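**Student:** coords_33.cif is the file, holding mmCIF, C-alpha atoms:
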data_entry
#
loop_
_atom_site.label_atom_id
_atom_site.label_comp_id
_atom_site.auth_asym_id
_atom_site.auth_seq_id
_atom_site.Cartn_x
_atom_site.Cartn_y
_atom_site.Cartn_z
CA MET Y 18 3.51 1.90 29.79
CA ASN Y 19 4.60 1.45 26.18
CA ILE Y 20 2.13 2.18 23.36
CA ARG Y 21 2.95 0.41 20.10
CA ARG Y 22 1.30 -0.93 16.97
CA PHE Y 23 -0.65 -4.18 17.24
CA ARG Y 24 1.15 -7.34 16.07
CA GLU Y 25 -0.37 -10.73 15.28
CA GLU Y 26 1.27 -12.31 18.32
CA ASP Y 27 -0.72 -9.86 20.51
CA TRP Y 28 -4.04 -11.43 19.50
CA LEU Y 29 -4.59 -13.79 22.45
CA GLN Y 30 -4.14 -11.00 25.01
CA VAL Y 31 -6.17 -8.54 22.90
CA LYS Y 32 -8.95 -11.12 22.59
CA GLU Y 33 -8.91 -11.71 26.36
CA ILE Y 34 -9.29 -7.97 27.03
CA TYR Y 35 -12.06 -7.76 24.41
CA GLU Y 36 -13.88 -10.64 26.09
CA GLN Y 37 -13.64 -8.82 29.44
CA GLY Y 38 -15.30 -5.81 27.80
CA ILE Y 39 -17.98 -7.99 26.21
CA ALA Y 40 -18.72 -9.53 29.62
CA THR Y 41 -19.60 -6.11 31.08
CA GLY Y 42 -22.58 -5.80 28.73
CA GLN Y 43 -21.69 -2.09 28.37
CA ALA Y 44 -18.93 -2.07 25.76
CA THR Y 45 -20.29 -3.59 22.57
CA PHE Y 46 -23.23 -5.33 20.93
CA GLU Y 47 -20.95 -8.31 20.28
CA THR Y 48 -21.59 -11.32 22.50
CA ALA Y 49 -18.40 -13.19 21.60
CA ALA Y 50 -15.01 -12.23 20.24
CA PRO Y 51 -14.61 -12.87 16.52
CA SER Y 52 -11.88 -14.93 14.93
CA PHE Y 53 -8.50 -13.27 14.51
CA GLU Y 54 -9.04 -13.04 10.75
CA LYS Y 55 -12.39 -11.28 11.09
CA TRP Y 56 -11.18 -8.92 13.82
CA VAL Y 57 -8.01 -7.89 12.04
CA SER Y 58 -9.89 -7.38 8.75
CA THR Y 59 -11.79 -4.48 10.36
CA ILE Y 60 -8.66 -2.45 11.18
CA ALA Y 61 -8.53 0.67 9.02
CA ALA Y 62 -5.21 2.01 7.72
CA ASN Y 63 -3.12 0.00 10.24
CA LEU Y 64 -4.65 2.07 13.05
CA CYS Y 65 -4.45 -0.40 15.91
CA PHE Y 66 -2.34 0.00 19.04
CA VAL Y 67 -1.70 -1.83 22.29
CA ALA Y 68 -0.60 -0.57 25.69
CA GLU Y 69 1.99 -2.88 27.18
CA ASP Y 70 3.91 -3.05 30.42
CA GLU Y 71 6.11 -5.69 32.05
CA GLU Y 72 3.01 -7.79 32.80
CA GLY Y 73 1.77 -7.82 29.21
CA ILE Y 74 -0.87 -6.01 27.19
CA GLN Y 75 -3.10 -3.85 29.35
CA GLY Y 76 -5.30 -2.35 26.64
CA TRP Y 77 -5.87 -1.85 22.95
CA CYS Y 78 -7.41 0.68 20.61
CA LYS Y 79 -8.29 0.55 16.92
CA ILE Y 80 -10.08 2.45 14.19
CA SER Y 81 -12.53 0.66 11.90
CA LYS Y 82 -13.94 2.13 8.71
CA VAL Y 83 -17.63 2.96 8.93
CA SER Y 84 -18.14 2.51 5.20
CA ASP Y 85 -16.25 2.06 1.94
CA ARG Y 86 -18.37 4.76 0.30
CA CYS Y 87 -16.28 7.81 -0.63
CA VAL Y 88 -18.66 10.17 1.19
CA TYR Y 89 -17.59 8.53 4.48
CA GLN Y 90 -13.87 8.80 3.81
CA GLY Y 91 -12.35 9.99 7.07
CA VAL Y 92 -15.17 8.70 9.25
CA GLY Y 93 -13.92 5.92 11.50
CA GLU Y 94 -15.24 4.09 14.53
CA VAL Y 95 -12.88 4.00 17.48
CA SER Y 96 -12.74 1.06 19.89
CA VAL Y 97 -10.78 1.15 23.14
CA TYR Y 98 -10.65 -1.67 25.66
CA VAL Y 99 -8.65 -1.88 28.89
CA ARG Y 100 -7.87 -4.95 30.99
CA GLU Y 101 -10.00 -5.15 34.15
CA GLY Y 102 -7.09 -4.60 36.55
CA SER Y 103 -5.81 -1.59 34.61
CA ARG Y 104 -9.03 0.41 34.26
CA GLY Y 105 -9.01 3.91 35.72
CA LYS Y 106 -5.21 4.18 35.52
CA GLY Y 107 -4.88 6.25 32.35
CA VAL Y 108 -4.29 3.35 29.93
CA GLY Y 109 -7.34 4.16 27.79
CA LYS Y 110 -6.48 7.85 27.67
CA ARG Y 111 -2.92 7.17 26.53
CA LEU Y 112 -4.21 4.83 23.82
CA LEU Y 113 -6.75 7.39 22.61
CA GLU Y 114 -4.15 10.16 22.54
CA VAL Y 115 -1.90 8.04 20.33
CA ILE Y 116 -4.66 6.87 18.01
CA ILE Y 117 -6.03 10.41 17.64
CA LYS Y 118 -2.64 11.67 16.48
CA GLU Y 119 -2.12 8.73 14.13
CA SER Y 120 -5.69 8.78 12.79
CA GLU Y 121 -5.51 12.49 12.02
CA GLU Y 122 -2.42 11.82 9.93
CA LYS Y 123 -4.55 9.31 7.97
CA GLY Y 124 -7.77 11.37 8.04
CA PHE Y 125 -10.16 9.64 10.55
CA TRP Y 126 -12.52 10.46 13.51
CA THR Y 127 -15.80 9.41 15.49
CA ALA Y 128 -17.22 7.05 18.25
CA GLY Y 129 -20.38 5.41 19.64
CA ILE Y 130 -20.82 4.34 23.26
CA PHE Y 131 -23.60 2.85 25.38
CA PRO Y 132 -25.01 5.67 27.59
CA GLU Y 133 -24.60 3.52 30.71
CA ASN Y 134 -20.85 3.27 30.10
CA ILE Y 135 -20.04 6.45 32.02
CA PRO Y 136 -16.28 5.75 32.38
CA SER Y 137 -15.92 5.39 28.61
CA LEU Y 138 -17.98 8.52 27.94
CA ARG Y 139 -15.79 10.50 30.35
CA LEU Y 140 -12.63 9.05 28.85
CA HIS Y 141 -13.61 10.06 25.31
CA GLN Y 142 -14.70 13.53 26.43
CA SER Y 143 -11.36 14.01 28.22
CA VAL Y 144 -9.55 13.79 24.88
CA GLY Y 145 -11.85 16.13 22.98
CA PHE Y 146 -14.84 14.01 21.89
CA ARG Y 147 -18.27 15.62 22.20
CA VAL Y 148 -21.75 14.12 22.22
CA VAL Y 149 -23.56 14.75 18.94
CA GLY Y 150 -26.66 12.69 19.61
CA ILE Y 151 -28.23 9.46 20.77
CA ARG Y 152 -29.27 6.67 18.43
CA GLN Y 153 -32.25 5.25 20.26
CA ARG Y 154 -32.91 1.51 20.26
CA ILE Y 155 -30.23 1.00 17.62
CA GLY Y 156 -29.72 -2.67 18.43
CA LYS Y 157 -30.54 -5.49 20.83
CA LEU Y 158 -28.11 -7.01 23.29
CA HIS Y 159 -29.34 -10.13 25.10
CA GLY Y 160 -32.88 -9.35 23.94
CA VAL Y 161 -32.88 -5.78 25.26
CA TRP Y 162 -33.00 -2.72 22.98
CA ARG Y 163 -30.02 -0.44 23.63
CA ASP Y 164 -29.30 3.18 22.83
CA VAL Y 165 -25.90 4.37 21.66
CA VAL Y 166 -24.45 7.80 22.40
CA MET Y 167 -22.75 9.11 19.28
CA LEU Y 168 -19.59 11.10 19.83
CA GLU Y 169 -17.18 12.76 17.50
CA ARG Y 170 -13.90 14.52 17.78
CA ARG Y 171 -13.61 17.16 15.14
CA SER Y 172 -10.01 17.35 14.14
CA GLN Y 173 -8.25 20.69 13.95
CA ILE Y 174 -6.12 19.13 11.18
CA VAL Y 175 -8.42 16.88 9.12
CA GLY Y 176 -11.63 18.01 7.41
CA ILE Y 177 -11.26 21.72 8.10
CA ASP Y 178 -11.05 22.96 4.54
#
Give the structure from the file, written as structure tokens.

**Tutor:**
Amino acid sequence: MNIRRFREEDWLQVKEIYEQGIATGQATFETAAPSFEKWVSTIAANLCFVAEDEEGIQGWCKISKVSDRCVYQGVGEVSVYVREGSRGKGVGKRLLEVIIKESEEKGFWTAGIFPENIPSLRLHQSVGFRVVGIRQRIGKLHGVWRDVVMLERRSQIVGID
């Protein structure tokens, strides 16, 4: 499995994987994938990677800025999505390990996950994220109020001084 930076020609496969995540009802509040232009505009500091093998892209991971306000400099939201047939095979973990290293070099961290998404919670915790709280009824998905578990990974490099 090769982990590399996202390129524009990856979009159709990335979008397909995103749509698979959306379809689970456990990955995001989004109900449809955005346009390429909108999706790519949310990538912070070129922090977007894909996991690719001989069959194509098997997963992707990116960091989005939470806010443009200076007080939130270094606070990013991480997204990681893995193709249905590749889940549970270490793809997400490899992507997170790469993006953690790269994001620390650029000064970022944090995550939010639906509490029912146990595999994603375990994945994030396996690379050093910890639960810091639950935002109750933070948004509706298909007319149902959903909670979001807030996680963070406190860097040993960024934000320690």

**Student:** List the residues selected by the PyMOL selection byres ((chain Y and resi 154-167) around 9) in the file shown, writing them as a list in words.

**Tutor:**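 Evaluating the PyMOL selection byres ((chain Y and resi 154-167) around 9) on these coordinates yields Gly42, Thr45, Phe46, Glu47, Thr48, Thr127, Ala128, Gly129, Ile130, Phe131, Pro132, Leu138, Arg147, Val148, Val149, Gly150, Ile151, Arg152, Gln153, Leu168 and Glu169 of chain Y.
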
**Student:** Keeping C-alpha atoms for every residue in the selection just given, could you write it to a file as a PDB file, in the coordinates of the input?

**Tutor:**
ATOM      1  CA  GLY Y  42     -22.580  -5.800  28.730  1.00  0.00           C
ATOM      2  CA  THR Y  45     -20.290  -3.590  22.570  1.00  0.00           C
ATOM      3  CA  PHE Y  46     -23.230  -5.330  20.930  1.00  0.00           C
ATOM      4  CA  GLU Y  47     -20.950  -8.310  20.280  1.00  0.00           C
ATOM      5  CA  THR Y  48     -21.590 -11.320  22.500  1.00  0.00           C
ATOM      6  CA  THR Y 127     -15.800   9.410  15.490  1.00  0.00           C
ATOM      7  CA  ALA Y 128     -17.220   7.050  18.250  1.00  0.00           C
ATOM      8  CA  GLY Y 129     -20.380   5.410  19.640  1.00  0.00           C
ATOM      9  CA  ILE Y 130     -20.820   4.340  23.260  1.00  0.00           C
ATOM     10  CA  PHE Y 131     -23.600   2.850  25.380  1.00  0.00           C
ATOM     11  CA  PRO Y 132     -25.010   5.670  27.590  1.00  0.00           C
ATOM     12  CA  LEU Y 138     -17.980   8.520  27.940  1.00  0.00           C
ATOM     13  CA  ARG Y 147     -18.270  15.620  22.200  1.00  0.00           C
ATOM     14  CA  VAL Y 148     -21.750  14.120  22.220  1.00  0.00           C
ATOM     15  CA  VAL Y 149     -23.560  14.750  18.940  1.00  0.00           C
ATOM     16  CA  GLY Y 150     -26.660  12.690  19.610  1.00  0.00           C
ATOM     17  CA  ILE Y 151     -28.230   9.460  20.770  1.00  0.00           C
ATOM     18  CA  ARG Y 152     -29.270   6.670  18.430  1.00  0.00           C
ATOM     19  CA  GLN Y 153     -32.250   5.250  20.260  1.00  0.00           C
ATOM     20  CA  LEU Y 168     -19.590  11.100  19.830  1.00  0.00           C
ATOM     21  CA  GLU Y 169     -17.180  12.760  17.500  1.00  0.00           C
TER      22      GLU Y 169
END

**Student:** Using the chain letters and numbers from the file, give me the residues hit by the PyMOL selection byres ((chain Y and resi 175) around 12), as a PyMOL selection string.

**Tutor:** chain Y and resi 90-92+117-126+170-174+176-178

**Student:** Could you give me, as a PDB file with C-alpha atoms, in the frame of the given file, the residues within 10 Å of Y:Lys32, counting all atoms listed in the file and dropping anything in the same chain fewer than 2 positions from it?

**Tutor:**
ATOM      1  CA  ASP Y  27      -0.720  -9.860  20.510  1.00  0.00           C
ATOM      2  CA  TRP Y  28      -4.040 -11.430  19.500  1.00  0.00           C
ATOM      3  CA  LEU Y  29      -4.590 -13.790  22.450  1.00  0.00           C
ATOM      4  CA  GLN Y  30      -4.140 -11.000  25.010  1.00  0.00           C
ATOM      5  CA  ILE Y  34      -9.290  -7.970  27.030  1.00  0.00           C
ATOM      6  CA  TYR Y  35     -12.060  -7.760  24.410  1.00  0.00           C
ATOM      7  CA  GLU Y  36     -13.880 -10.640  26.090  1.00  0.00           C
ATOM      8  CA  GLN Y  37     -13.640  -8.820  29.440  1.00  0.00           C
ATOM      9  CA  GLY Y  38     -15.300  -5.810  27.800  1.00  0.00           C
ATOM     10  CA  ALA Y  49     -18.400 -13.190  21.600  1.00  0.00           C
ATOM     11  CA  ALA Y  50     -15.010 -12.230  20.240  1.00  0.00           C
ATOM     12  CA  PRO Y  51     -14.610 -12.870  16.520  1.00  0.00           C
ATOM     13  CA  SER Y  52     -11.880 -14.930  14.930  1.00  0.00           C
ATOM     14  CA  PHE Y  53      -8.500 -13.270  14.510  1.00  0.00           C
ATOM     15  CA  TRP Y  56     -11.180  -8.920  13.820  1.00  0.00           C
ATOM     16  CA  TRP Y  77      -5.870  -1.850  22.950  1.00  0.00           C
TER      17      TRP Y  77
END

**Student:** Quote the spacing between atom CA of Y:Leu140 and atom CA of Y:Lys55 in Å to one decimal place.

**Tutor:**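 Pair atom CA of Y:Leu140 / atom CA of Y:Lys55 returns 27.0 Å.
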
**Student:** Return the single residue from Y:Lys79, Y:Lys110, Y:Arg100, Y:Arg22 that is closest to Y:Ser137, with distances computed using all atoms listed in the file.

**Tutor:**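 Distance minimum relative to Y:Ser137 lands on Y:Lys110.
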
**Student:** Within 8 Å of Y:Ile60, counting all atoms listed in the file, which residues show up once you throw out same-chain ones fewer than 6 positions away? Write them as a list in words, please.

**Tutor:** Lys79, Ile80, Ser81 and Lys82 of chain Y

**Student:** For a quick check of understanding, using all atoms listed in the file, which of Y:Glu54, Y:Glu94, Y:Glu133, Y:Glu101 has the smallest distance to Y:Ile74?

**Tutor:**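 Closest candidate: Y:Glu101.
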
**Student:** Could you tell me how far atom CA of Y:Glu71 sits from atom CA of Y:Arg111, in Å to one decimal place?

**Tutor:**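 Separation between atom CA of Y:Arg111 and atom CA of Y:Glu71: 16.7 Å.
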
**Student:** For a test of reading the model, state the distance in Å between atom CA of Y:Gly73 and atom CA of Y:Arg139, rounded to one decimal.

**Tutor:**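 Interatomic distance, atom CA of Y:Gly73 to atom CA of Y:Arg139: 25.4 Å.
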
**Student:** Around stretch 142-152 of chain Y, fit a box with edges along x, y and z, padding it by 3 Å on each side, then list its centre and edge lengths in Å to one decimal as JSON.

**Tutor:**
{"center_x": -19.4, "center_y": 11.4, "center_z": 23.3, "size_x": 25.7, "size_y": 15.5, "size_z": 15.8}

**Student:** Using all atoms listed in the file, which protein or nucleic acid residues come within 7 Å of Y:Ile20? Drop anything in the same chain fewer than 6 positions from it, and give the result as a PyMOL selection string.

**Tutor:** chain Y and resi 66-69+112
